[in-house]
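Participant: Handing you this structure, nothing more for now.
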Amino acid sequence: MDVIELAGVDVIRGQQKLLDDITWQVREGERWLVIGPNGAGKTTLLQVLATQIHPTSGVAAILGEVLGAVDVFELRPRIGVASAALADRIPRAERVSDVVVSASYGVLGRWREEYDSLDHDRAGELLEQFGMAGLVDRTFGTLSEGERKRVQIARAMMTDPELLLLDEPSAGLDLAGRESLVSVLSELALDEYAPTQVLVTHQVEEIPRGMTHVMLLREGRVVAAGPIEETLTDEAMSQTFGLALQIEQRDGRWTARAS
């Protein structure tokens with residue numbers, strides 16, 4: 001089954017083409033990376049996948065539903081999203097447990113919704129899974145950046161999504177925070193029961209173990225896409241970043257340096 005199927009997708013804002021003729025398929029169970037420099041169109045692509053924007057032209061099918069021909073409010077609960085833009089909208093005074101459980105209603109900030117014990121149990125299990133069980137009563141604003149990232153991922157998993165989208169989850173973390181989060185993301189990628197995943201980054205050092213495929217983007221166009229071992233090459237990465245690069249893999253982790 002194709003979880004994502006894009007055919008000739010363009011996104012144009014004003015005179016700028018943010019995505020240019022993107023054709024791409026993601027099958028159930030795959031774990032994809034989207035890598036490219038700043039301004040490559042990575043976040044715009046993720047916004048299409050999250051049904052937050054529609055293509056200017058071309059066809060985008062997400063979980064078997066074509067954007068423009070489906071009620072996105074029915075489709076969105078099937079998609080888990082963690083991004084800096086979403087984190088900025090989370091009330092800083094919100095309890096950690098409420099940040100996660102409120103994903104059941106697709107809202108940010110508890111109001112008058114009612115949740116049953118199954119919802120609270122699910123939120124608690126996810127927070128424990130991501131190492132946050134001891135912080136459930138803390139407020140979101142008092143957490144470290146790494147802790148906030150973990151809470152966002154737990155929230156993204158709350159509705160048991162069929163597609164998980166992670167937009168630069170390690171951005172802004174120090175070395176210890178990055179390595180701790182990459183370990184969590186590796187466990188998620190290696191879990192055969194976890195949803196199909198798309199992770200956006202521009203740092204190969206942030207690639208978790210268990211990722212199966214990669215798409216390289218530059219100026220809104222696909223440079224290369226395919227299985228990670230075959231696609232994440234010196235030549236393809238050099239073309240993507242406009243700099244001669246040497247890519248190495250060791251013990252399932254990747255590094256890049258100028259050659």
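Residue names in the structure tokens use chain letters A, B, ... in the order shown, residue numbers from 1 in each chain, and ligand numbers from 1 in the order shown.
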Hey, what's within 9 Å of A:Gln152 if we count only C-alpha atoms and toss same-chain stuff fewer than 5 positions away? As a list in words, please?

Facilitator: Val81, Ala82, Ser83, Leu86, Ala87, Val99, Val100, Glu147 and Met157 of chain A

Participant: Just want the 8 Å neighbourhood of stretch 234-238 of chain A, counted on only C-alpha atoms, with same-chain residues fewer than 3 positions away dropped. Output as number ranges by chain.

Facilitator: A: 216, 223-224, 231, 241-247

Participant: From the list A:Leu45, A:Arg178, A:Gly134, A:Val3, which residue is nearest A:Val66 when using only C-alpha atoms?

Facilitator: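 Among the listed residues, the smallest separation from A:Val66 belongs to A:Val3.
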
Participant: Quick one: distance from atom CA of A:Leu143 to atom CA of A:Tyr193 in Å, one decimal?

Facilitator: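 Interatomic distance, atom CA of A:Leu143 to atom CA of A:Tyr193: 28.9 Å.
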
Participant: Pick from A:Leu185, A:Ala256, A:Val136, A:Leu164: nearest to A:Arg78, with only C-alpha atoms counted?

Facilitator: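 Closest to A:Arg78, using only C-alpha atoms: A:Leu164.
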
Participant: A:Ala103: which residues within 9 Å, counting only C-alpha atoms, same-chain residues fewer than 3 positions away excluded, as number ranges by chain?

Facilitator: A: 77, 98-100, 106-108, 155-159

Participant: How far is it from atom CA of A:Gln197 to atom CA of A:Leu166, in Å with one decimal?

Facilitator: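 Computing the Euclidean distance for atom CA of A:Gln197 and atom CA of A:Leu166 yields 7.8 Å.
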
Participant: Could you find all residues in stretch 34-96 of chain A that DSSP calls strand (DSSP E) from the backbone, and write them as a ChimeraX atom specification?

Facilitator: /A:34-35,57-62,65-66,79-82

Participant: Mind dumping a table of every stretch 193-238 of chain A residue within 12 Å of stretch 50-63 of chain A, with the nearest atom pair and its distance in Å to one decimal, using only C-alpha atoms, sorted by chain and rising number, as a tab-separated table?

Facilitator:
```
residue	atom	partner	partner_atom	distance
A:Pro195	CA	A:Leu63	CA	11.7
A:Thr196	CA	A:Leu63	CA	10.4
A:Val198	CA	A:Ala50	CA	10.8
```

Participant: Please produce a file of those selected residues containing N, CA and C atoms, as a PDB file, in the first residue's frame.

Facilitator:
```pdb
ATOM      1  N   PRO A 195       4.333   3.288  13.178  1.00  0.00           N
ATOM      2  CA  PRO A 195       3.786   3.709  11.885  1.00  0.00           C
ATOM      3  C   PRO A 195       4.876   4.017  10.861  1.00  0.00           C
ATOM      4  N   THR A 196       4.473   4.102   9.626  1.00  0.00           N
ATOM      5  CA  THR A 196       5.345   4.601   8.562  1.00  0.00           C
ATOM      6  C   THR A 196       5.837   5.991   8.966  1.00  0.00           C
ATOM      7  N   VAL A 198       8.310   9.636   8.250  1.00  0.00           N
ATOM      8  CA  VAL A 198       9.078  10.569   7.422  1.00  0.00           C
ATOM      9  C   VAL A 198       9.737  11.552   8.376  1.00  0.00           C
TER      10      VAL A 198
END
```

Participant: Would you please give, as a PyMOL selection string, all residues of stretch 122-240 of chain A that DSSP assigns to alpha helix (DSSP H) based on the backbone?

Facilitator: chain A and resi 122-129+145-157+175-190+228-231+234-240

Participant: Considering only C-alpha atoms, return as a PyMOL selection string whatever protein or nucleic-acid residues lie within 10 Å of A:Trp254, sequence-local ones (same chain, fewer than 6 positions apart) excluded.

Facilitator: chain A and resi 203-209+232+247-248

Participant: Counting only C-alpha atoms, what is within 7 Å of stretch 32-37 of chain A, bar same-chain residues fewer than 4 positions away, as an MDAnalysis selection string?

Facilitator: chainID A and resid 42 197:202 211:218 240:241

Participant: Could you give me, as a short mmCIF file (atom, residue, chain, number, x, y, z; two decimals) with N, CA and C atoms, in the first residue's frame, the residues within 9 Å of A:Val184, counting only C-alpha atoms and dropping anything in the same chain fewer than 3 positions from it?

Facilitator:
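Generated file (out-v4.cif):
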```cif
data_model
loop_
_atom_site.label_atom_id
_atom_site.label_comp_id
_atom_site.auth_asym_id
_atom_site.auth_seq_id
_atom_site.Cartn_x
_atom_site.Cartn_y
_atom_site.Cartn_z
N GLN A 129 7.18 5.49 27.69
CA GLN A 129 7.97 4.95 26.58
C GLN A 129 9.07 5.92 26.17
N PHE A 130 8.78 7.22 26.21
CA PHE A 130 9.75 8.21 25.77
C PHE A 130 10.50 8.86 26.94
N GLY A 131 10.50 8.17 28.09
CA GLY A 131 11.32 8.60 29.21
C GLY A 131 10.83 9.83 29.94
N ARG A 150 10.59 15.19 23.27
CA ARG A 150 10.03 13.88 23.62
C ARG A 150 8.52 13.96 23.84
N GLU A 179 21.97 13.18 21.07
CA GLU A 179 22.24 11.74 21.10
C GLU A 179 21.17 11.00 21.87
N SER A 180 20.66 11.60 22.93
CA SER A 180 19.58 10.98 23.70
C SER A 180 18.32 10.85 22.85
N LEU A 181 17.99 11.92 22.10
CA LEU A 181 16.79 11.87 21.28
C LEU A 181 16.97 10.92 20.09
N GLU A 187 14.88 3.64 18.34
CA GLU A 187 13.98 2.62 18.85
C GLU A 187 12.65 2.66 18.11
N LEU A 188 12.17 3.86 17.82
CA LEU A 188 10.90 4.02 17.12
C LEU A 188 11.02 3.51 15.68
N ALA A 189 12.13 3.84 15.01
CA ALA A 189 12.33 3.42 13.63
C ALA A 189 12.48 1.91 13.51
N PRO A 208 18.66 8.59 12.70
CA PRO A 208 18.56 7.45 13.62
C PRO A 208 18.85 6.13 12.90
#
```

Participant: Using only C-alpha atoms, which of A:Glu94, A:Glu65, A:Glu219, A:Asp251 sits nearest A:Leu18?

Facilitator: A:Glu219

Participant: In Å to one decimal, how far is atom CA of A:Ser170 from atom CA of A:Arg221?

Facilitator: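 According to the coordinates, atom CA of A:Arg221 and atom CA of A:Ser170 are separated by 23.9 Å.
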
Participant: So, counting only C-alpha atoms, which residue among A:Pro91, A:Gly80, A:Gly220, A:Gly124 is closest to A:Ile22?

Facilitator: A:Gly220

Participant: So which one's closest to A:Leu165, A:Leu135, A:Ala84, A:Val70, A:Leu46? Using only C-alpha atoms, please.

Facilitator: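 For A:Leu165, the nearest of the candidates is A:Leu46.
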